[in-house]
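J.: Below you will find the structure I want to go over with you.
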Amino acid sequence: MKRVYINEKWCLGCRLCEYYCAFAEKRHEYNNMALALKDTLISPRIRVEEYGDITFAVNCRRCEEPLCVKSCITGALTADGIDKDRCVSCCTCILACPFGAVSLVDNVIKRCDLCNGEPLCVKACPNNALVFEDRRCV
Amino acid sequence: MKYVIIGNSAAGIGAVEGIRKIDKQGEIVIITSESHHTYSRPLISYLLQGKTTRTKMRYRPDSFYKDNNCKLLHDTVTKIHANEKRVVLQSKDSVNYDKLLVATGSSAFNPPLFESVSNKHNFITLDDACGLADSLTSESRVLIVGAGLIGLKCAEGILSRVKTVTVADIAERILSAILDESSSEIVQSHLESKGIEFKLACALTPNELSNYDIIVVAAGVRPNIALLEGIADIDKGIIVNTKSETSAKGIYAAGDCTQSVDVSTGESKIMALLPNAYMQGETAGINMAGGNATTEETIPMNAVGLCGLHIITAGNYTGEVSNVGNNRFYCNDTQLNGYILIGDIKQAGVYTNLIRKKRALSDKQEVLKYESKIV
């Protein structure tokens, strides 16, 4: 299965991925990122972490044994996505995800959905630090 | 191969999914005393609150049993004949097995004081919740006995439907099993501001009970261990190893009826939490089917929302405590032992992982630096 991989050597820490992730959620309403994000505080599902000189983006790792899914008390969270209708925002997934890649925004649980197979964060990365690849079946 | 699973909640369902990862053919029989499709027990408070429905609170889709080719028996197991590999049902039928999982959960503990009380309820099962809901009116004065997770979730669930909700506990503070003193205070004043009354450090008398129309007894739970008495090793709960094996050959156990090692302290204890139940069940299932799985790194951990306030906790509260806002971190020199996050719960799992993996910190300040950087 393809997922977003990060090569921290190439990450510039520019955070464009964060903005494009936020835009991705509104891309059906707006065709322009500036309009979509104007005056909003973004809550991206990918985020750039910094440690000294090192910067790298962190998002859902598509774990083979996903603790968020196994921990979900409702059954609403599966490997494929979130059934928002059944989720009660108990945040057990946030308790469980070792990468901090699940978040609560306006009382709704969010996790990377890979933009239906064309992750905007990867497209937006100016230095190819983010790639969308399948490295598991090698 | 024939698998019998006693229990239809998280651990039992985990076992079905575990078995089917390895064995697509074997016969699976699930036996449950309840008359429902598998549902999520923690959601009963959300049901009373109107935040979920009987349909939405199903833990797995309607087609689950069919999809996984398993048979659901609504009956109660009364005895296990381990030598004959057979369980006896209340209906007098019996079911043979090759591999057995005991996932019987726990039951409400009802202190003797409440034995003769007529208007009392427990709050563990869907039937409990429906029974309670039927008896509530907008004039009800409700007393909840027990300021633990079950009692407080119940209080939240019924708050808008009744006249008053009072929560009483012998303990001096609320949620004493999962919070430290200062965190208890914060959560208590939040709940008081939403209209819940507390009577803490309080030994109830029969006289006092008459001031209330409805009593909910949420004074703790006891693991359902009776079926394995004399068959497998039992302490407080059924003792299992990381493979979810009991001391009896071919018999596995998972979930709230079990006792296992908390890696954050090394103690063997009951950690009755839904994620643990599912993972132990899945592990049992894989091993029952001849695979090889373990549930490592089990620790106490809780995520709970109470009247709009999110709380996440994990590990144990030993070592030196440091605050970042309302969030508290317990560290010794090289390790994070436990944490309590109140309100600001972002990236909690990063900390959970540090505890589960016993990750060495170069400096305990690392955790605080990380926390204060999260936006």
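Every chain in the structure tokens takes a letter, A first, then B, and so on in the order presented; its residues are numbered from 1, and the ligands are numbered from 1 following the presented order.
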Do you have, as a tab-separated table, the list of residues of chain A lying at most 7 Å from chain B, each with its nearest atom pair and that distance in Å to one decimal, counting only C-alpha atoms and ordered by chain then number?
T.:
```
residue	atom	partner	partner_atom	distance
A:Lys70	CA	B:Pro275	CA	6.4
A:Ser71	CA	B:Pro275	CA	4.1
A:Cys72	CA	B:Pro275	CA	6.9
A:Ile73	CA	B:Ser40	CA	6.3
A:Thr74	CA	B:Tyr59	CA	5.4
A:Gly75	CA	B:Tyr59	CA	5.1
A:Arg86	CA	B:Lys56	CA	5.5
A:Cys90	CA	B:Val304	CA	5.8
A:Cys91	CA	B:Ala303	CA	5.9
A:Thr92	CA	B:Ala303	CA	5.1
A:Ile94	CA	B:Gly349	CA	5.7
A:Leu95	CA	B:Gly349	CA	4.5
A:Ala96	CA	B:Gly349	CA	4.8
A:Cys97	CA	B:Gly349	CA	4.6
A:Pro98	CA	B:Val350	CA	4.7
A:Phe99	CA	B:Val350	CA	5.6
A:Gly100	CA	B:Gln347	CA	4.0
A:Ser103	CA	B:Lys346	CA	6.6
```
J.: Please extract the residues of region 131-362 of chain B with a backbone DSSP assignment of strand (DSSP E) and present them as a count of residues only.
T.: 66
J.: Please report, as a tab-separated table, each residue of region 41-119 of chain A lying at most 7 Å from region 11-35 of chain A, together with the nearest pair of atoms and the separation in Å rounded to one decimal; use only C-alpha atoms, and order rows by chain and ascending residue number.
T.:
```
residue	atom	partner	partner_atom	distance
A:Ile42	CA	A:Ala22	CA	6.0
A:Ser43	CA	A:Ala22	CA	6.3
A:Pro44	CA	A:Ala22	CA	4.9
A:Arg45	CA	A:Cys21	CA	6.6
A:Ile46	CA	A:Glu18	CA	5.7
A:Arg47	CA	A:Glu18	CA	5.8
A:Val48	CA	A:Arg15	CA	6.2
A:Thr55	CA	A:Gly13	CA	5.4
A:Phe56	CA	A:Cys11	CA	5.8
```
J.: Just write the chosen residues, all heavy atoms, as a PDB file, in the first residue's frame.
T.:
```pdb
ATOM      1  N   ILE A  42      -5.035  27.227  10.621  1.00  0.00           N
ATOM      2  CA  ILE A  42      -5.092  25.907   9.984  1.00  0.00           C
ATOM      3  C   ILE A  42      -4.878  24.784  10.998  1.00  0.00           C
ATOM      4  O   ILE A  42      -4.191  24.950  12.003  1.00  0.00           O
ATOM      5  CB  ILE A  42      -4.078  25.771   8.814  1.00  0.00           C
ATOM      6  CG1 ILE A  42      -2.630  25.922   9.318  1.00  0.00           C
ATOM      7  CG2 ILE A  42      -4.391  26.766   7.707  1.00  0.00           C
ATOM      8  CD1 ILE A  42      -1.608  25.453   8.309  1.00  0.00           C
ATOM      9  N   SER A  43      -5.509  23.652  10.706  1.00  0.00           N
ATOM     10  CA  SER A  43      -5.354  22.448  11.524  1.00  0.00           C
ATOM     11  C   SER A  43      -4.990  21.276  10.617  1.00  0.00           C
ATOM     12  O   SER A  43      -5.810  20.406  10.353  1.00  0.00           O
ATOM     13  CB  SER A  43      -6.665  22.128  12.248  1.00  0.00           C
ATOM     14  OG  SER A  43      -7.121  23.245  12.940  1.00  0.00           O
ATOM     15  N   PRO A  44      -3.764  21.272  10.116  1.00  0.00           N
ATOM     16  CA  PRO A  44      -3.393  20.254   9.130  1.00  0.00           C
ATOM     17  C   PRO A  44      -3.224  18.884   9.772  1.00  0.00           C
ATOM     18  O   PRO A  44      -2.958  18.772  10.958  1.00  0.00           O
ATOM     19  CB  PRO A  44      -2.043  20.758   8.608  1.00  0.00           C
ATOM     20  CG  PRO A  44      -1.475  21.548   9.730  1.00  0.00           C
ATOM     21  CD  PRO A  44      -2.647  22.171  10.440  1.00  0.00           C
ATOM     22  N   ARG A  45      -3.391  17.839   8.946  1.00  0.00           N
ATOM     23  CA  ARG A  45      -3.186  16.482   9.441  1.00  0.00           C
ATOM     24  C   ARG A  45      -1.739  16.042   9.272  1.00  0.00           C
ATOM     25  O   ARG A  45      -1.339  14.984   9.697  1.00  0.00           O
ATOM     26  CB  ARG A  45      -4.141  15.532   8.712  1.00  0.00           C
ATOM     27  CG  ARG A  45      -5.592  15.779   9.074  1.00  0.00           C
ATOM     28  CD  ARG A  45      -6.502  15.443   7.945  1.00  0.00           C
ATOM     29  NE  ARG A  45      -6.288  16.347   6.818  1.00  0.00           N
ATOM     30  CZ  ARG A  45      -6.927  16.245   5.678  1.00  0.00           C
ATOM     31  NH1 ARG A  45      -7.797  15.283   5.498  1.00  0.00           N
ATOM     32  NH2 ARG A  45      -6.691  17.102   4.694  1.00  0.00           N
ATOM     33  N   ILE A  46      -0.949  16.886   8.606  1.00  0.00           N
ATOM     34  CA  ILE A  46       0.502  16.662   8.551  1.00  0.00           C
ATOM     35  C   ILE A  46       1.118  17.852   9.282  1.00  0.00           C
ATOM     36  O   ILE A  46       0.581  18.952   9.225  1.00  0.00           O
ATOM     37  CB  ILE A  46       0.991  16.577   7.089  1.00  0.00           C
ATOM     38  CG1 ILE A  46       2.464  16.158   7.031  1.00  0.00           C
ATOM     39  CG2 ILE A  46       0.780  17.889   6.335  1.00  0.00           C
ATOM     40  CD1 ILE A  46       2.926  15.753   5.627  1.00  0.00           C
ATOM     41  N   ARG A  47       2.187  17.619  10.026  1.00  0.00           N
ATOM     42  CA  ARG A  47       2.794  18.765  10.695  1.00  0.00           C
ATOM     43  C   ARG A  47       4.306  18.605  10.735  1.00  0.00           C
ATOM     44  O   ARG A  47       4.833  17.494  10.806  1.00  0.00           O
ATOM     45  CB  ARG A  47       2.227  18.986  12.092  1.00  0.00           C
ATOM     46  CG  ARG A  47       2.347  17.836  12.974  1.00  0.00           C
ATOM     47  CD  ARG A  47       2.004  18.078  14.398  1.00  0.00           C
ATOM     48  NE  ARG A  47       2.890  17.187  15.139  1.00  0.00           N
ATOM     49  CZ  ARG A  47       2.733  15.875  15.182  1.00  0.00           C
ATOM     50  NH1 ARG A  47       1.726  15.305  14.565  1.00  0.00           N
ATOM     51  NH2 ARG A  47       3.594  15.130  15.795  1.00  0.00           N
ATOM     52  N   VAL A  48       4.969  19.731  10.640  1.00  0.00           N
ATOM     53  CA  VAL A  48       6.426  19.724  10.605  1.00  0.00           C
ATOM     54  C   VAL A  48       6.952  19.821  12.029  1.00  0.00           C
ATOM     55  O   VAL A  48       6.576  20.716  12.780  1.00  0.00           O
ATOM     56  CB  VAL A  48       6.959  20.889   9.750  1.00  0.00           C
ATOM     57  CG1 VAL A  48       8.481  20.963   9.826  1.00  0.00           C
ATOM     58  CG2 VAL A  48       6.509  20.724   8.306  1.00  0.00           C
ATOM     59  N   THR A  55      14.421  19.187  10.554  1.00  0.00           N
ATOM     60  CA  THR A  55      12.973  19.369  10.435  1.00  0.00           C
ATOM     61  C   THR A  55      12.434  18.197   9.627  1.00  0.00           C
ATOM     62  O   THR A  55      13.116  17.668   8.734  1.00  0.00           O
ATOM     63  CB  THR A  55      12.604  20.672   9.706  1.00  0.00           C
ATOM     64  OG1 THR A  55      13.227  20.663   8.428  1.00  0.00           O
ATOM     65  CG2 THR A  55      13.041  21.888  10.491  1.00  0.00           C
ATOM     66  N   PHE A  56      11.262  17.785   9.975  1.00  0.00           N
ATOM     67  CA  PHE A  56      10.645  16.709   9.192  1.00  0.00           C
ATOM     68  C   PHE A  56       9.135  16.734   9.402  1.00  0.00           C
ATOM     69  O   PHE A  56       8.646  17.134  10.457  1.00  0.00           O
ATOM     70  CB  PHE A  56      11.211  15.343   9.569  1.00  0.00           C
ATOM     71  CG  PHE A  56      11.138  15.034  11.040  1.00  0.00           C
ATOM     72  CD1 PHE A  56      10.092  14.281  11.541  1.00  0.00           C
ATOM     73  CD2 PHE A  56      12.103  15.519  11.924  1.00  0.00           C
ATOM     74  CE1 PHE A  56      10.009  14.010  12.895  1.00  0.00           C
ATOM     75  CE2 PHE A  56      12.029  15.257  13.279  1.00  0.00           C
ATOM     76  CZ  PHE A  56      10.974  14.497  13.772  1.00  0.00           C
TER      77      PHE A  56
END
```
J.: Please extract the residues of region 220-307 of chain B with a backbone DSSP assignment of helix (DSSP H, G or I) and present them as a list in words.
T.: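 Taking region 220-307 of chain B and keeping helix (DSSP H, G or I) only, one gets Ala226, Leu227, Leu228, Leu274, Pro275, Asn276, Ala277, Tyr278, Met279, Gln280, Gly281, Glu282, Thr283, Ala284, Gly285, Ile286, Asn287 and Met288 of chain B.
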J.: Between CA of Asn224 (chain B) and CA of Ala253 (chain B), what is the distance in Å, rounded to a tenth?
T.: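 About the pair CA of Asn224 (chain B) and CA of Ala253 (chain B): they are 11.1 Å apart.
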J.: Show which residues sit within 12 Å of Ile174 (chain B), as a ChimeraX atom specification. Count only C-alpha atoms, and ignore same-chain residues fewer than 2 positions away.
T.: /B:145-152,167-172,176-192,197-201
